[in-house]
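So the structure is just underneath, and the comments pick up after that.
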2 protein chains.
Amino acid sequence: MKIIDKILTLTSEDKPFYSFEYFPPRTEAGMENLYARLERMARLEPAFVDVTWGAGGSTSEATLEIVDAAHRYFSLDVMMHLTCTNMSISNIEDALERAKDSDINNILALRGDAPEGQGKWENNAGGFNYASDLIRYIREKYGDYFSIGAGGYPEGHPEAKSKANDVMYLKKKIDEGANFVITQLFYDLGEYFSFVDRCRAIGINCPIIPGLLPIHNYERFRQFTELCQTKIPPEVNKRLEQIKDDDAAVKVYGIELCIEMCRKLNEQGVRGFHFYTLNLESSVTAILDELGWTDSAASRRALPWRVSSLSDRSEEDVRPIFWSNRPKSYLARTMDWDDFPNGRWGDARSPSFGDLHDYYLIRRGLGLDSERRRKRNLEQWSAPTKPEEVYEVFARFCLGEINALPWCDTPVRAETSHITDQLLTMNRNGLLTINSQPQVNGASSTAADVGWGGIGGFVFQKAYVEFFLSPQKLQQILKRLEDAPTMTYHAVNAAGDSCSNCLDDHVNAVTWGVFPGREIVQPTVVDTMSFLIWKDEAFHLWLEEWGSLYENGSASHSLIREIHDSYYLMNIVENNFVNGDIFSLFKGL
Amino acid sequence: MKIIDKILTLTSEDKPFYSFEYFPPRTEAGMENLYARLERMARLEPAFVDVTWGAGGSTSEATLEIVDAAHRYFSLDVMMHLTCTNMSISNIEDALERAKDSDINNILALRGDAPEGQGKWENNAGGFNYASDLIRYIREKYGDYFSIGAGGYPEGHPEAKSKANDVMYLKKKIDEGANFVITQLFYDLGEYFSFVDRCRAIGINCPIIPGLLPIHNYERFRQFTELCQTKIPPEVNKRLEQIKDDDAAVKVYGIELCIEMCRKLNEQGVRGFHFYTLNLESSVTAILDELGWTDSAASRRALPWRVSSLSDRSEEDVRPIFWSNRPKSYLARTMDWDDFPNGRWGDARSPSFGDLHDYYLIRRGLGLDSERRRKRNLEQWSAPTKPEEVYEVFARFCLGEINALPWCDTPVRAETSHITDQLLTMNRNGLLTINSQPQVNGASSTAADVGWGGIGGFVFQKAYVEFFLSPQKLQQILKRLEDAPTMTYHAVNAAGDSCSNCLDDHVNAVTWGVFPGREIVQPTVVDTMSFLIWKDEAFHLWLEEWGSLYENGSASHSLIREIHDSYYLMNIVENNFVNGDIFSLFKGL
């Protein structure tokens with residue numbers, strides 16, 4: 001999606017929205033951390049994220065990799081920075097082409113600073129000297145393909161002759177085709193407002209988004225503000241002087257100050273806020289939570305799962321439930337589909353899932369295969385030698401005491417908290433849950449945990465639970481299912497032995513929504529065909545992610561293999577979403 | 001659908017089902033009456049209807065016409081009788097080809113009686129002599145295309161040497177390819193059961209459906225039973241002798257006797273019942289109501305509207321609500337579609353509706369254009385000269401005091417009774433309702449009035465109302481709608497002036513159902529495109545059906561034209577199906 005369109009739409013809804021800026025880390029561990037953060041911060045529903053471009057293209061590979069991953073696997077709308085200083089036209093061309101190939105159509109076009117060591121910025125012989133040149137080039141070469149952002153300087157660019165002269169340069173960028181402005185950081189609100197006034201006065205009518213840097217640390221704050229020649233209001237200076245040696249106090253103050261700035265900007269009609277995150281998570285999250293702006297995230301979720309931002313998936317609105325805790329795997333395994341299910345899954349003409357190989361390629365790319373990660377998993381899962389110790393790992397995951405399981409690639413969904421107790425009991429009884437959703441009968445579409453699809457609608461869910469279990473336990477549950485006519489189920493082991501009360505071509509909508517003036521939306525389904533593909537992945541993960549932590553022949557390795565070989569993977573849907581009770585099935589097993 | 005498949009499915013459900021036999025009337029008025037009956041009796045959800053074949057093909061045109069209409073416009077599964085006596089092979093071939101062209105794949109293959117006046121049956125030089133010859137021919141020529149029924153004689157065919165010998169002929173018919181048996185009428189249950197025993201003993205294992213003739217009239221009963229040499233149990237004879245001069249008493253006794261026979265047969269495990277209706281409606285309806293067998297009709301409705309029995313419409317499961325009281329018009333106007341919407345209307349690639357001409361052709365065919373009918377309409381609608389008199393016609397239709405309006409081609413739906421009072425008030429206030437449905441929030445899918453789709457599901461409806469109204473009233477309602485954010489509406493006049501709060505391409509599902517192990521079914525929608533096509537038909541009906549009853553220039557004619565020219569047609573959906581109140585909009589107007 002073009003960011004200018006999103007800004008205009010969100011502004012018209014008259015609620016605050018925000019965007020996050022990141023920079024490419026220099027180490028592999030840094031990349032791994034950034035990806036984890038991107039995925040967690042995606043839950044705050046930023047309007048977009050953007051990634052900086054190292055001077056002279058020094059981070060081009062990493063920048064492109066991060067925007068591509070954020071777009072492709074974390075389903076975020078992304079903007080790539082591009083600077084022209086010390087960049088040849090062919091370098092620029094190459095960057096734009098690669099962005100386009102990755103379905104990225106948003107560029108923040110900047111002049112850029114001089115490369116490190118060069119000191120002062122100098123004219124660029126083989127390329128462009130001004131952001132406006134770069135913008136003109138992009139428009140000439142790509143027409144309307146890209147939405148283009150420009151940088152604005154509330155206090156004037158440090159090299160500008162005057163503030164009045166500086167906005168003329170900005171006007172030129174807009175005239176050449178930039179669609180909106182993101183400002184440099186500032187702490188003096190008066191500077192921002194008078195900058196906007198200057199812009200409007202000379203006919204800059206596009207959105208001007210304030211850029212905000214929460215103060216995290218005194219030293220870095222000083223560096224930044226000196227580099228940018230940012231004016232610091234005296235009361236801010238005074239307060240910081242008092243606490244500058246207390247890192248925690250500085251951080252808390254930084255949060256408070258930023259909240260206050262946001263509130264005042266919002267009171268004056270500002271709706272869009274751009275955060276320079278410095279790749280940090282906690283300050284921005286705290287600021288948005290405190291402002292209460294993340295509460296409206298539910299009303300912004302179009303579907304219960306994150307909708308892909310890739311343009312060829314724009315119509316997609318149905319997915320099988322099985323990958324809901326492993327969306328990156330689902331995205332990778334369906335990357336090559338020509339069409340995505342729209343309206344109903346039953347219309348999809350036997351889509352063929354890519355094999356796991358596709359997923360392992362992206363795992364490496366996203367740093368999910370690192371040795372660090374294996375070590376962390378070993379710490380979390382330790383080395384069980386009895387089945388009960390495995391059960392306890394699942395139980396601890398339910399309790400949030402550990403944060404990773406092979407089948408859960410993402411943070412636990414908020415709605416799961418409604419059924420934590422029931423899941424805990426199941427896991428302690430050897431029903432090892434890897435996916436579930438609570439029953440919902442006509443909740444508001446803007447309800448915080450389970451809402452999606454916008455205002456004025458009602459959402460529904462059939463209760464769902466999916467778990468591994470021993471053949472003995474399976475027999476007990478099958479016996480109970482004989483007296484549960486409203487439940488549909490399917491159980492299968494690694495070898496493919498299967499039992500079910502569903503037809504092979506059945507498709508069961510387990511999440512749906514009813515909205516004013518629309519057809520029914522049914523974004524999540526349980527179907528036999530996908531389940532049989534998923535079960536291969538699910539059993540494979542026992543050995544690949546967990547068993548492989550131990551030496552071949554060790555007790556833990558044998559135990560995991562034994563579970564892999566003998567257990568069944570079972571899914572159960574309670575079709576009575578009005579007054580059914582799926583967990584009654586497991587009571588006193 | 002092949003009737004043998006339907007019989008086997010319904011038998012396996014272990015609930016009683018039934019079929020109705022008709023004969024082609026000899027007069028135009030008789031045809032018109034039969035069509036009206038077929039449509040009303042379709043509501044009893046017969047498994048199929050069948051139409052007799054006059055001796056020697058004497059009624060072939062009418063027989064083909066009726067089965068085709070019942071199949072095409074009343075959406076019934078149909079079986080055509082075909083006899084071979086005095087029929088050349090080319091006549092037979094012609095009849096089968098025409099049946100096949102009409103998508104009819106069920107034949108009751110009979111030898112047939114001698115033509116009237118010929119007296120005794122004689123060998124047929126140029127054709128077939130036995131039903132078994134006809135059955136062999138159909139199988140050889142058409143393979144499995146037709147499901148074939150054969151006639152069985154519980155008391156032996158009058159010309160048979162013995163009962164034992166008679167079933168050998170039946171065995172031959174089965175061996176040649178007949179799929180099931182319908183018996184000749186009988187009143188002695190013992191005769192039926194011993195016939196079935198004889199059949200089973202020689203390896204006739206197919207379904208044997210008892211044929212029942214409720215006694216309507218003493219004289220005809222005597223004629224029939226003498227012709228067929230039917231054994232009458234002494235107690236039946238005795239009772240009839242007592243009341244034979246009291247027609248009403250005979251009819252009541254006929255109903256009681258038939259109910260008793262049905263009960264006893266059902267107790268012995270019989271599930272399918274074939275009624276010789278003699279084109280009469282009340283006895284069979286009373287019998288089935290009294291037995292309580294029509295109650296399960298709701299659980300047999302696959303969708304809220306009658307699903308077409310035409311094979312090329314077998315996937316169709318979505319229709320716009322506008323034609324719900326004029327299904328024959330909808331069927332005619334969509335006859336040429338290559339694909340029918342399945343799953344959702346939004347998937348249909350701009351289906352193009354046929355023009356009204358198609359419908360007027362079928363109206364003539366179904367006798368809906370007759371002078372008799374116009375006379376009846378004139379009686380019902382009289383000759384209004386003030387708008388209030390028109391309003392009163394609509395009000396009386398709500399009350400059931402008159403049974404026809406130009407926009408309502410079918411009997412009023414049972415669910416409408418839930419909102420009769422509200423509709424009555426609207427009509428008396430000049431909001432002339434022609435279509436509506438009450439709000440339903442998760443009723444059982446087997447609920448008598450609103451249920452559909454089989455057992456174990458939940459059905460939902462958004463409240464809907466559609467009405468004509470004056471421009472002044474429209475302004476009042478539009479004002480009220482400003483404070484009704486959950487309602488979507490569209491109003492348009494004959495000239496096409498339009499106002500709406502919906503997008504042009506919006507599709508609003510107003511009836512949907514949630515079933516175990518299935519995707520959401522959404523069979524009825526409100527959409528802008530279809531509404532604009534429907535409004536032409538709806539306005540046209542004012543002039544064509546109503547105004548045309550009066551002389552040009554008369555006060556009534558001018559009034560109807562004035563309404564046609566100035567009124568708007570408006571539809572309103574209350575999207576809040578949980579606790580909305582669509583009728584609050586019209587209170588105290």
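Note on naming: chains are A, B, ... as they come in the structure tokens, residues start from 1 per chain, ligands start from 1 in the order shown.
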Residues of chain B near chain A: apply a cut-off of 10 Å, count only C-alpha atoms, and supply the list as a VMD selection string.
-> chain B and resid 342 to 347 441 to 442 456 to 458 462 485 to 489 501 to 503 506 to 512 514 to 522 524 to 527 573 to 578
With a distance cut-off of 7 Å and only C-alpha atoms, select the neighbouring residues of stretch 202-214 of chain A, excluding the residue or stretch itself and same-chain residues fewer than 3 positions from it, and output the selection as a PyMOL selection string.
-> chain A and resi 171+179-186+198-199+254-255+258+272-277+283
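Residue nearest A:Lys15 within the list A:Gln439, A:Gln475, A:Ser444, A:Thr294: A:Thr294 [criterion: smallest interatomic distance, only C-alpha atoms].
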Would you mind listing what lies within 8 Å of stretch 27-43 of chain A as a JSON list (two decimals) with N, CA and C atoms, in the first residue's frame, with only C-alpha atoms counted and same-chain residues fewer than 6 positions away left out?
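After the write, selection35.json holds the following:
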[["chain", "number", "residue", "atom", "x", "y", "z"],
["A", 70, "ALA", "N", 10.33, -7.30, 6.67],
["A", 70, "ALA", "CA", 9.23, -6.67, 7.41],
["A", 70, "ALA", "C", 7.94, -6.70, 6.57],
["A", 74, "PHE", "N", 6.54, -10.12, 8.16],
["A", 74, "PHE", "CA", 5.85, -9.53, 9.31],
["A", 74, "PHE", "C", 4.65, -8.71, 8.85],
["A", 76, "LEU", "N", 4.08, -5.92, 7.32],
["A", 76, "LEU", "CA", 4.03, -4.49, 7.64],
["A", 76, "LEU", "C", 4.13, -3.67, 6.36],
["A", 279, "ASN", "N", 15.92, 1.47, 17.24],
["A", 279, "ASN", "CA", 15.81, 0.00, 17.37],
["A", 279, "ASN", "C", 15.44, -0.43, 18.79],
["A", 281, "GLU", "N", 12.59, -0.80, 21.95],
["A", 281, "GLU", "CA", 11.18, -1.17, 21.94],
["A", 281, "GLU", "C", 10.40, -0.57, 23.10],
["A", 285, "THR", "N", 6.75, 1.66, 23.16],
["A", 285, "THR", "CA", 5.60, 0.87, 23.60],
["A", 285, "THR", "C", 4.94, 1.51, 24.82],
["A", 366, "LEU", "N", 16.10, -14.91, 8.43],
["A", 366, "LEU", "CA", 15.59, -14.12, 9.56],
["A", 366, "LEU", "C", 16.33, -14.41, 10.86],
["A", 367, "GLY", "N", 17.41, -15.19, 10.77],
["A", 367, "GLY", "CA", 18.21, -15.46, 11.96],
["A", 367, "GLY", "C", 17.51, -16.39, 12.94],
["A", 368, "LEU", "N", 16.54, -17.18, 12.46],
["A", 368, "LEU", "CA", 15.82, -18.07, 13.36],
["A", 368, "LEU", "C", 16.56, -19.40, 13.56],
["A", 410, "THR", "N", 5.53, -17.03, 17.18],
["A", 410, "THR", "CA", 5.09, -15.66, 17.40],
["A", 410, "THR", "C", 4.71, -15.50, 18.87],
["A", 411, "PRO", "N", 4.58, -14.27, 19.34],
["A", 411, "PRO", "CA", 4.10, -14.06, 20.71],
["A", 411, "PRO", "C", 2.71, -14.68, 20.87]]
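By chain and then residue number, the residues within 9 Å of stretch 66-68 of chain B are B:Pro24, B:Met31, B:Leu34, B:Tyr35, B:Val49, B:Asp50, B:Val51, B:Glu61, B:Tyr73, B:Leu76, B:Asp77, B:Val78, B:Met79, B:Met80, B:Ala99, B:Ser102, B:Asp103, B:Ile104, B:Leu366, counting only C-alpha atoms and disregarding those fewer than 5 positions away in sequence.
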